[in-house]
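Just my_file_34.txt here, compact mmCIF, C-alpha atoms:
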```txt
# COMPACT_ATOMS: atom_id res chain seq x y z
CA MET T 135 7.61 18.95 1.69
CA ARG T 136 7.38 21.86 4.11
CA VAL T 137 5.47 21.20 7.34
CA VAL T 138 4.52 23.61 10.11
CA ILE T 139 3.75 22.03 13.48
CA ALA T 140 1.78 24.10 16.00
CA GLY T 141 2.64 22.83 19.45
CA ALA T 142 6.21 21.92 20.38
CA GLY T 143 5.41 19.57 23.23
CA SER T 144 6.46 15.94 23.28
CA VAL T 145 3.95 15.05 20.57
CA GLY T 146 4.96 17.88 18.26
CA ARG T 147 8.67 17.20 18.71
CA SER T 148 8.19 13.49 18.07
CA ILE T 149 6.32 14.21 14.82
CA ALA T 150 9.03 16.68 13.82
CA ARG T 151 11.81 14.14 14.32
CA GLU T 152 9.99 11.56 12.19
CA LEU T 153 9.36 14.06 9.38
CA LEU T 154 12.92 15.35 9.43
CA GLY T 155 14.18 11.78 9.27
CA ASN T 156 12.13 11.35 6.10
CA GLY T 157 13.73 14.39 4.50
CA HIS T 158 11.03 17.02 5.04
CA GLN T 159 11.42 20.64 6.19
CA VAL T 160 9.82 21.31 9.58
CA LEU T 161 9.02 24.47 11.54
CA LEU T 162 7.87 24.10 15.16
CA VAL T 163 5.73 26.90 16.60
CA ASP T 164 4.90 27.41 20.27
CA LYS T 165 4.10 30.42 22.44
CA ASP T 166 5.62 28.91 25.59
CA PRO T 167 9.35 29.70 25.89
CA ALA T 168 9.80 26.50 27.93
CA ALA T 169 8.66 24.46 24.92
CA ILE T 170 11.39 25.85 22.66
CA ARG T 171 13.85 23.01 23.15
CA VAL T 172 16.02 23.47 20.10
CA ALA T 173 18.56 20.89 21.28
CA GLY T 174 15.81 18.24 21.22
CA VAL T 175 15.14 18.72 17.50
CA PRO T 176 18.21 20.61 16.24
CA ASP T 177 17.43 20.15 12.54
CA ALA T 178 14.03 21.84 12.78
CA GLN T 179 13.28 25.53 12.50
CA TRP T 180 11.72 27.10 15.58
CA LEU T 181 9.36 30.04 16.14
CA LEU T 182 8.28 31.45 19.50
CA ALA T 183 4.79 32.72 18.70
CA ASP T 184 1.07 32.18 19.27
CA ALA T 185 -0.15 29.97 16.41
CA CYS T 186 -3.71 31.23 16.95
CA GLU T 187 -2.73 34.69 15.70
CA ILE T 188 -2.76 35.58 12.00
CA ALA T 189 0.48 37.55 12.32
CA SER T 190 2.24 34.52 13.78
CA LEU T 191 1.05 32.26 11.00
CA ALA T 192 2.19 34.78 8.44
CA GLU T 193 5.61 34.85 10.09
CA ALA T 194 5.62 31.04 9.99
CA GLY T 195 5.17 31.23 6.21
CA LEU T 196 1.94 29.28 5.92
CA ALA T 197 1.45 30.63 2.41
CA ASP T 198 4.32 28.35 1.32
CA CYS T 199 3.40 25.44 3.56
CA ASP T 200 2.30 21.99 2.32
CA VAL T 201 0.95 20.64 5.60
CA VAL T 202 -0.02 22.10 8.96
CA VAL T 203 -0.08 19.82 11.99
CA ALA T 204 -2.04 21.17 14.97
CA ALA T 205 -0.42 19.13 17.73
CA SER T 206 -0.98 21.16 20.89
CA GLY T 207 -2.52 19.76 24.05
CA ASP T 208 -5.49 22.14 23.74
CA ASP T 209 -8.33 21.14 21.40
CA LYS T 210 -9.49 24.75 21.03
CA VAL T 211 -6.05 25.79 19.82
CA ASN T 212 -5.88 22.90 17.36
CA LEU T 213 -9.27 23.79 15.88
CA VAL T 214 -8.40 27.47 15.50
CA VAL T 215 -5.02 26.70 13.91
CA SER T 216 -6.63 24.28 11.43
CA LEU T 217 -9.38 26.75 10.52
CA LEU T 218 -6.96 29.63 9.97
CA ALA T 219 -4.59 27.44 7.96
CA LYS T 220 -7.40 26.49 5.58
CA THR T 221 -9.42 29.69 5.34
CA GLU T 222 -6.66 32.30 5.47
CA TYR T 223 -3.80 30.47 3.75
CA GLY T 224 -5.37 27.62 1.80
CA VAL T 225 -2.94 25.07 3.19
CA PRO T 226 -3.46 21.85 1.16
CA ARG T 227 -3.42 19.47 4.14
CA THR T 228 -4.25 19.90 7.81
CA VAL T 229 -3.81 17.25 10.49
CA ALA T 230 -5.19 17.94 13.95
CA ARG T 231 -4.64 16.20 17.27
CA VAL T 232 -7.76 15.43 19.31
CA ASN T 233 -6.98 15.44 23.02
CA ASN T 234 -10.47 14.87 24.42
CA PRO T 235 -12.49 12.17 22.58
CA LYS T 236 -15.68 14.08 23.47
CA ASN T 237 -14.53 16.86 21.12
CA GLU T 238 -13.82 14.58 18.16
CA TRP T 239 -17.13 15.42 16.45
CA MET T 240 -15.95 19.01 15.94
CA PHE T 241 -12.78 18.06 14.06
CA ASP T 242 -14.21 18.12 10.55
CA GLU T 243 -14.05 20.17 7.35
CA ALA T 244 -16.16 22.92 8.93
CA TRP T 245 -13.13 23.64 11.13
CA GLY T 246 -10.63 23.11 8.30
CA VAL T 247 -9.51 19.67 9.50
CA ASP T 248 -8.57 17.13 6.82
CA VAL T 249 -7.47 14.38 9.19
CA ALA T 250 -8.26 14.19 12.90
CA VAL T 251 -6.02 11.97 15.02
CA SER T 252 -7.41 10.90 18.35
CA THR T 253 -4.73 9.29 20.51
CA PRO T 254 -7.27 7.27 22.54
CA ARG T 255 -8.83 5.97 19.30
CA LEU T 256 -5.45 5.04 17.88
CA MET T 257 -4.50 3.26 21.12
CA THR T 258 -7.79 1.37 21.07
CA ALA T 259 -7.27 0.45 17.44
CA LEU T 260 -3.76 -0.81 18.11
CA VAL T 261 -5.00 -2.94 21.02
CA GLU T 262 -7.83 -4.36 18.91
CA GLU T 263 -5.50 -4.98 15.98
CA ALA T 264 -3.13 -6.89 18.23
CA VAL T 265 -5.74 -9.24 19.63
CA SER T 266 -8.38 -9.47 16.91
CA VAL T 267 -8.46 -11.71 13.84
CA GLY T 268 -11.42 -11.29 11.53
CA ASP T 269 -12.69 -8.07 13.14
CA LEU T 270 -12.69 -4.77 11.27
CA VAL T 271 -10.66 -2.16 13.17
CA ARG T 272 -11.17 1.52 12.33
CA ILE T 273 -7.85 3.38 12.40
CA PHE T 274 -8.86 6.96 11.54
CA THR T 275 -11.28 9.09 9.51
CA PHE T 276 -10.58 11.35 6.53
CA GLN T 277 -12.81 14.26 7.51
CA GLN T 278 -13.30 15.80 4.06
CA SER T 279 -14.59 12.59 2.48
CA GLN T 280 -15.86 10.87 5.64
CA ALA T 281 -14.07 7.70 4.48
CA ASN T 282 -12.26 5.58 7.05
CA MET T 283 -8.95 3.77 7.10
CA VAL T 284 -9.77 0.28 8.39
CA GLU T 285 -7.73 -2.85 9.00
CA LEU T 286 -8.54 -6.55 9.23
CA THR T 287 -6.38 -9.62 9.76
CA LEU T 288 -7.69 -12.27 7.35
CA PRO T 289 -8.81 -15.46 9.17
CA ALA T 290 -7.38 -18.74 7.93
CA ASP T 291 -10.89 -20.04 7.17
CA ALA T 292 -12.11 -16.95 5.31
CA PRO T 293 -13.54 -17.98 1.92
CA ILE T 294 -11.44 -15.40 0.06
CA ALA T 295 -8.14 -16.69 1.47
CA GLY T 296 -6.17 -17.98 -1.52
CA THR T 297 -8.13 -15.77 -3.95
CA ARG T 298 -6.55 -13.32 -6.39
CA VAL T 299 -7.27 -9.67 -5.56
CA GLY T 300 -8.58 -9.09 -9.09
CA ASP T 301 -11.11 -11.91 -8.75
CA ILE T 302 -12.78 -10.48 -5.65
CA GLU T 303 -15.89 -8.34 -6.00
CA TRP T 304 -15.24 -5.72 -3.33
CA PRO T 305 -18.13 -3.71 -1.87
CA ALA T 306 -18.85 -0.32 -3.43
CA ASP T 307 -16.72 2.59 -2.18
CA THR T 308 -14.03 0.23 -0.87
CA VAL T 309 -10.35 0.24 -1.89
CA LEU T 310 -7.69 -2.24 -0.78
CA VAL T 311 -4.63 -0.04 -0.31
CA CYS T 312 -2.09 -2.31 1.39
CA ILE T 313 -1.37 -5.92 2.31
CA ILE T 314 0.97 -6.49 5.25
CA ARG T 315 2.53 -9.96 5.15
CA ALA T 316 5.40 -11.18 7.30
CA GLU T 317 5.80 -7.62 8.60
CA ARG T 318 6.35 -6.26 5.07
CA PRO T 319 3.94 -3.96 3.19
CA ILE T 320 2.77 -4.99 -0.27
CA ALA T 321 1.11 -2.65 -2.78
CA PRO T 322 -1.71 -4.92 -3.99
CA SER T 323 -2.10 -5.72 -7.66
CA ARG T 324 -4.82 -7.74 -9.39
CA ASP T 325 -2.50 -10.76 -9.51
CA ASP T 326 -1.62 -10.82 -5.80
CA THR T 327 -3.21 -13.65 -3.84
CA LEU T 328 -4.59 -13.08 -0.36
CA GLU T 329 -3.16 -15.38 2.27
CA ALA T 330 -4.37 -16.38 5.72
CA HIS T 331 -3.29 -13.91 8.41
CA ASP T 332 -2.57 -11.12 5.92
CA GLU T 333 -3.23 -7.70 7.44
CA LEU T 334 -5.46 -5.90 4.94
CA MET T 335 -5.71 -2.10 4.95
CA PHE T 336 -8.72 -0.50 3.27
CA VAL T 337 -10.13 2.96 2.67
CA ALA T 338 -13.90 2.58 2.85
CA THR T 339 -17.05 4.58 3.54
CA PRO T 340 -18.91 3.83 6.77
CA GLU T 341 -21.83 2.47 4.72
CA SER T 342 -19.60 -0.17 3.09
CA GLU T 343 -17.95 -1.44 6.26
CA ASP T 344 -20.64 -4.02 7.12
CA ALA T 345 -20.49 -5.52 3.62
CA LEU T 346 -16.69 -5.61 3.81
CA GLN T 347 -16.80 -7.33 7.19
CA LYS T 348 -19.19 -9.98 5.82
CA LEU T 349 -17.01 -10.56 2.75
CA LEU T 350 -13.92 -11.16 4.87
CA SER T 351 -15.68 -13.18 7.55
CA PRO T 352 -15.46 -17.00 7.75
CA THR T 353 -19.27 -17.07 7.69
CA HIS T 354 -19.40 -15.43 4.23
CA VAL T 355 -20.95 -17.75 1.61
```
Let's see the structure in the file written out as C-alpha cells.
Amino acid sequence: MRVVIAGAGSVGRSIARELLGNGHQVLLVDKDPAAIRVAGVPDAQWLLADACEIASLAEAGLADCDVVVAASGDDKVNLVVSLLAKTEYGVPRTVARVNNPKNEWMFDEAWGVDVAVSTPRLMTALVEEAVSVGDLVRIFTFQQSQANMVELTLPADAPIAGTRVGDIEWPADTVLVCIIRAERPIAPSRDDTLEAHDELMFVATPESEDALQKLLSPTHV
C-alpha cells in the first residue's frame, strides 16, 4: 500500500515509521525545511512542498496513492489536503488529524475526510477504557457512514457472559469485530463464547449504542 503523509512533524514521522514497519510505502510531505528530517525516517520518501497546492500533490503522486494522511498541526491544512485528495485525485482513503476538538464537526465527508482522529478524544477513550468495566467507550467515528468504533469490557455478571456469539441477538446496525482476551485479539466466530472481562470491539451506529449498552450491562434481563 502506498501512503502519502502531509505533515512531517513528530506525529507524521511516528505514523510513517509504523507503516514502514508493516511493509508499506510512505512519502512524507512538508513545506518547512526544518521538518525534513530524513535521518529520522530513512526508509521513507520525502518531499519539500506545500501539500495545500495542487502542483505539490501532483508531484507527490496522489493519483497512484491508496491512502492520504493529513497529519499536520493545523486543522485548516488537514481539511484542505483531505478535500483535494478526494475531489481532485479520488484517493480511496483519507485520514485526518484533528488538533482542536472544537473543529471536529467539520471533519466529515463534505471535506473529504473518511476517518477523523482527534488526539484528545483518543486519550480520553484510552483513559476510560483503562478504568471502566461495563461502560461503552467510543474510540473514533467513520465519517462517511457515521458509524462508530466502540469498546466495552464485559462485566463478570453480565447475562451474556458464557454465551456463544451466534446465540446473541445483537442490536440492529451493530457488528462485533474483535474480542481481546488475555491481551490477544480474536476474530469472533459464531462458536466463540464470550467470557468475563473480554474486551469487545464493535462497529455500531450512534442509534444502536444505547441498545448495545443495555445488552451488555449486568442489569439486562
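Nearest residue to Pro305 (chain T), choosing from T:Glu238, T:Glu329, T:Asp198, T:Glu343 and counting all atoms listed in the file: T:Glu343.
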Just want the 9 Å neighbourhood of Leu346 (chain T), counted on all atoms listed in the file, with same-chain residues fewer than 3 positions away dropped. Output as a short mmCIF file (atom, residue, chain, number, x, y, z; two decimals) with C-alpha atoms, keeping the file's coordinate frame.
```
data_model
loop_
_atom_site.label_atom_id
_atom_site.label_comp_id
_atom_site.auth_asym_id
_atom_site.auth_seq_id
_atom_site.Cartn_x
_atom_site.Cartn_y
_atom_site.Cartn_z
CA LEU T 270 -12.69 -4.77 11.27
CA TRP T 304 -15.24 -5.72 -3.33
CA PRO T 305 -18.13 -3.71 -1.87
CA THR T 308 -14.03 0.23 -0.87
CA ALA T 338 -13.90 2.58 2.85
CA SER T 342 -19.60 -0.17 3.09
CA GLU T 343 -17.95 -1.44 6.26
CA LEU T 349 -17.01 -10.56 2.75
CA LEU T 350 -13.92 -11.16 4.87
CA SER T 351 -15.68 -13.18 7.55
#
```
Under the rule of at most 9 Å, produce a per-residue listing of region 185-258 of chain T near region 155-168 of chain T: chain, number, name, the closest pair of atoms, and the distance in Å, as a Markdown table, using only C-alpha atoms.
```
| residue | atom | partner | partner_atom | distance |
| --- | --- | --- | --- | --- |
| T:Ala185 | CA | T:Val163 | CA | 6.6 |
| T:Ser190 | CA | T:Val163 | CA | 8.8 |
| T:Ala194 | CA | T:Leu161 | CA | 7.6 |
| T:Ser206 | CA | T:Asp164 | CA | 8.6 |
```
Checklist entry - Using all atoms listed in the file, can you list as a count of residues only the residues within 10 Å of (5.7, 22.7, 14.3)? => result 27
Checklist entry - Counting all atoms listed in the file, what is within 10 Å of Thr275 (chain T), bar same-chain residues fewer than 4 positions away, as a PyMOL selection string? => result chain T and resi 242+248-252+279-284+337-340
Item to check | Shortest interatomic distance to Gly174 (chain T) - which of T:Ser144, T:Asp301, T:Gly246, T:Cys186, counting all atoms listed in the file | outcome: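 Selected residue with least distance to Gly174 (chain T): T:Ser144.
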Next on the checklist: For a quick check of understanding, using only C-alpha atoms, which of T:Leu218, T:Leu288, T:Val247, T:Val145 has the smallest distance to Ile188 (chain T)?
Outcome noted: T:Leu218
Next on the checklist: Using only C-alpha atoms, which protein or nucleic acid residues come within 12 Å of Pro319 (chain T)? Drop anything in the same chain fewer than 5 positions from it, and give the result as a PyMOL selection string.
Outcome noted: chain T and resi 311-314+332-335
Item to check | Pairwise distance for CA of Glu303 (chain T) and CA of Phe274 (chain T), rounded to one decimal in Å | outcome: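 Rounded to one decimal, the two atoms are 24.3 Å apart.
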Next on the checklist: Every residue with an atom at most 9 Å from (-7.3, -20.8, -0.5) (file coordinates; all atoms listed in the file) is what I'm after, so could you write them as a ChimeraX atom specification?
Outcome noted: /T:290-297,327-330
Using the structure block above, produce a file of region 202-241 of chain T that contains N, CA and C atoms, as a JSON list (two decimals), in the first residue's frame.
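Here's the written file selection10.json:
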```json
[["chain", "number", "residue", "atom", "x", "y", "z"],
["T", 202, "VAL", "N", -4.22, 8.85, 2.00],
["T", 202, "VAL", "CA", -3.60, 10.12, 2.37],
["T", 202, "VAL", "C", -3.87, 10.36, 3.85],
["T", 203, "VAL", "N", -2.82, 10.68, 4.58],
["T", 203, "VAL", "CA", -2.94, 11.01, 5.99],
["T", 203, "VAL", "C", -2.60, 12.49, 6.15],
["T", 204, "ALA", "N", -3.58, 13.29, 6.58],
["T", 204, "ALA", "CA", -3.35, 14.71, 6.83],
["T", 204, "ALA", "C", -2.99, 14.85, 8.30],
["T", 205, "ALA", "N", -1.70, 14.96, 8.59],
["T", 205, "ALA", "CA", -1.22, 14.86, 9.97],
["T", 205, "ALA", "C", -0.55, 16.12, 10.47],
["T", 206, "SER", "N", -0.82, 17.26, 9.83],
["T", 206, "SER", "CA", -0.16, 18.50, 10.25],
["T", 206, "SER", "C", -0.77, 19.00, 11.56],
["T", 207, "GLY", "N", -0.13, 19.99, 12.14],
["T", 207, "GLY", "CA", -0.64, 20.59, 13.37],
["T", 207, "GLY", "C", -1.63, 21.70, 13.13],
["T", 208, "ASP", "N", -2.06, 21.88, 11.88],
["T", 208, "ASP", "CA", -3.00, 22.94, 11.50],
["T", 208, "ASP", "C", -4.26, 22.30, 10.94],
["T", 209, "ASP", "N", -5.40, 22.49, 11.60],
["T", 209, "ASP", "CA", -6.64, 21.88, 11.14],
["T", 209, "ASP", "C", -7.05, 22.35, 9.76],
["T", 210, "LYS", "N", -6.79, 23.61, 9.45],
["T", 210, "LYS", "CA", -7.16, 24.14, 8.12],
["T", 210, "LYS", "C", -6.39, 23.39, 7.04],
["T", 211, "VAL", "N", -5.12, 23.17, 7.27],
["T", 211, "VAL", "CA", -4.29, 22.44, 6.31],
["T", 211, "VAL", "C", -4.82, 21.01, 6.14],
["T", 212, "ASN", "N", -5.15, 20.36, 7.23],
["T", 212, "ASN", "CA", -5.62, 18.98, 7.16],
["T", 212, "ASN", "C", -6.94, 18.86, 6.41],
["T", 213, "LEU", "N", -7.81, 19.84, 6.57],
["T", 213, "LEU", "CA", -9.08, 19.83, 5.84],
["T", 213, "LEU", "C", -8.85, 20.04, 4.35],
["T", 214, "VAL", "N", -8.00, 20.98, 4.00],
["T", 214, "VAL", "CA", -7.74, 21.27, 2.58],
["T", 214, "VAL", "C", -7.08, 20.07, 1.91],
["T", 215, "VAL", "N", -6.10, 19.47, 2.56],
["T", 215, "VAL", "CA", -5.41, 18.31, 2.00],
["T", 215, "VAL", "C", -6.41, 17.17, 1.76],
["T", 216, "SER", "N", -7.27, 16.92, 2.74],
["T", 216, "SER", "CA", -8.27, 15.84, 2.60],
["T", 216, "SER", "C", -9.22, 16.12, 1.45],
["T", 217, "LEU", "N", -9.69, 17.36, 1.35],
["T", 217, "LEU", "CA", -10.63, 17.72, 0.30],
["T", 217, "LEU", "C", -9.99, 17.58, -1.08],
["T", 218, "LEU", "N", -8.78, 18.07, -1.24],
["T", 218, "LEU", "CA", -8.10, 17.96, -2.53],
["T", 218, "LEU", "C", -7.81, 16.50, -2.88],
["T", 219, "ALA", "N", -7.41, 15.72, -1.90],
["T", 219, "ALA", "CA", -7.11, 14.31, -2.15],
["T", 219, "ALA", "C", -8.34, 13.58, -2.69],
["T", 220, "LYS", "N", -9.51, 13.90, -2.14],
["T", 220, "LYS", "CA", -10.74, 13.24, -2.57],
["T", 220, "LYS", "C", -11.27, 13.78, -3.89],
["T", 221, "THR", "N", -11.39, 15.12, -3.97],
["T", 221, "THR", "CA", -12.06, 15.71, -5.13],
["T", 221, "THR", "C", -11.19, 15.76, -6.36],
["T", 222, "GLU", "N", -9.90, 15.99, -6.20],
["T", 222, "GLU", "CA", -9.02, 16.14, -7.35],
["T", 222, "GLU", "C", -8.37, 14.82, -7.78],
["T", 223, "TYR", "N", -8.16, 13.91, -6.81],
["T", 223, "TYR", "CA", -7.41, 12.70, -7.13],
["T", 223, "TYR", "C", -8.16, 11.41, -6.82],
["T", 224, "GLY", "N", -9.31, 11.52, -6.17],
["T", 224, "GLY", "CA", -10.10, 10.33, -5.87],
["T", 224, "GLY", "C", -9.38, 9.31, -5.02],
["T", 225, "VAL", "N", -8.59, 9.79, -4.08],
["T", 225, "VAL", "CA", -7.86, 8.88, -3.19],
["T", 225, "VAL", "C", -8.87, 8.04, -2.41],
["T", 226, "PRO", "N", -8.70, 6.71, -2.40],
["T", 226, "PRO", "CA", -9.70, 5.83, -1.77],
["T", 226, "PRO", "C", -9.92, 6.08, -0.28],
["T", 227, "ARG", "N", -8.86, 6.48, 0.44],
["T", 227, "ARG", "CA", -8.99, 6.59, 1.90],
["T", 227, "ARG", "C", -8.24, 7.82, 2.39],
["T", 228, "THR", "N", -8.93, 8.63, 3.18],
["T", 228, "THR", "CA", -8.28, 9.80, 3.79],
["T", 228, "THR", "C", -8.45, 9.73, 5.30],
["T", 229, "VAL", "N", -7.36, 9.99, 6.01],
["T", 229, "VAL", "CA", -7.37, 10.03, 7.47],
["T", 229, "VAL", "C", -6.83, 11.38, 7.89],
["T", 230, "ALA", "N", -7.59, 12.10, 8.71],
["T", 230, "ALA", "CA", -7.20, 13.46, 9.07],
["T", 230, "ALA", "C", -7.06, 13.63, 10.57],
["T", 231, "ARG", "N", -6.01, 14.30, 10.97],
["T", 231, "ARG", "CA", -5.77, 14.62, 12.38],
["T", 231, "ARG", "C", -6.57, 15.86, 12.76],
["T", 232, "VAL", "N", -7.27, 15.78, 13.89],
["T", 232, "VAL", "CA", -7.99, 16.93, 14.45],
["T", 232, "VAL", "C", -7.18, 17.45, 15.63],
["T", 233, "ASN", "N", -6.70, 18.68, 15.50],
["T", 233, "ASN", "CA", -5.89, 19.25, 16.57],
["T", 233, "ASN", "C", -6.73, 19.94, 17.64],
["T", 234, "ASN", "N", -7.75, 20.66, 17.20],
["T", 234, "ASN", "CA", -8.63, 21.37, 18.13],
["T", 234, "ASN", "C", -9.98, 20.65, 18.17],
["T", 235, "PRO", "N", -10.38, 20.08, 19.30],
["T", 235, "PRO", "CA", -11.66, 19.36, 19.37],
["T", 235, "PRO", "C", -12.86, 20.20, 18.93],
["T", 236, "LYS", "N", -12.76, 21.52, 19.04],
["T", 236, "LYS", "CA", -13.87, 22.39, 18.62],
["T", 236, "LYS", "C", -14.09, 22.32, 17.10],
["T", 237, "ASN", "N", -13.07, 21.89, 16.37],
["T", 237, "ASN", "CA", -13.18, 21.81, 14.91],
["T", 237, "ASN", "C", -13.63, 20.43, 14.42],
["T", 238, "GLU", "N", -13.83, 19.50, 15.33],
["T", 238, "GLU", "CA", -14.08, 18.12, 14.93],
["T", 238, "GLU", "C", -15.33, 17.97, 14.05],
["T", 239, "TRP", "N", -16.31, 18.84, 14.26],
["T", 239, "TRP", "CA", -17.56, 18.74, 13.50],
["T", 239, "TRP", "C", -17.35, 18.97, 12.00],
["T", 240, "MET", "N", -16.27, 19.65, 11.64],
["T", 240, "MET", "CA", -16.01, 19.92, 10.23],
["T", 240, "MET", "C", -15.36, 18.74, 9.50],
["T", 241, "PHE", "N", -14.78, 17.83, 10.24],
["T", 241, "PHE", "CA", -14.02, 16.74, 9.63],
["T", 241, "PHE", "C", -14.96, 15.61, 9.21]]
```
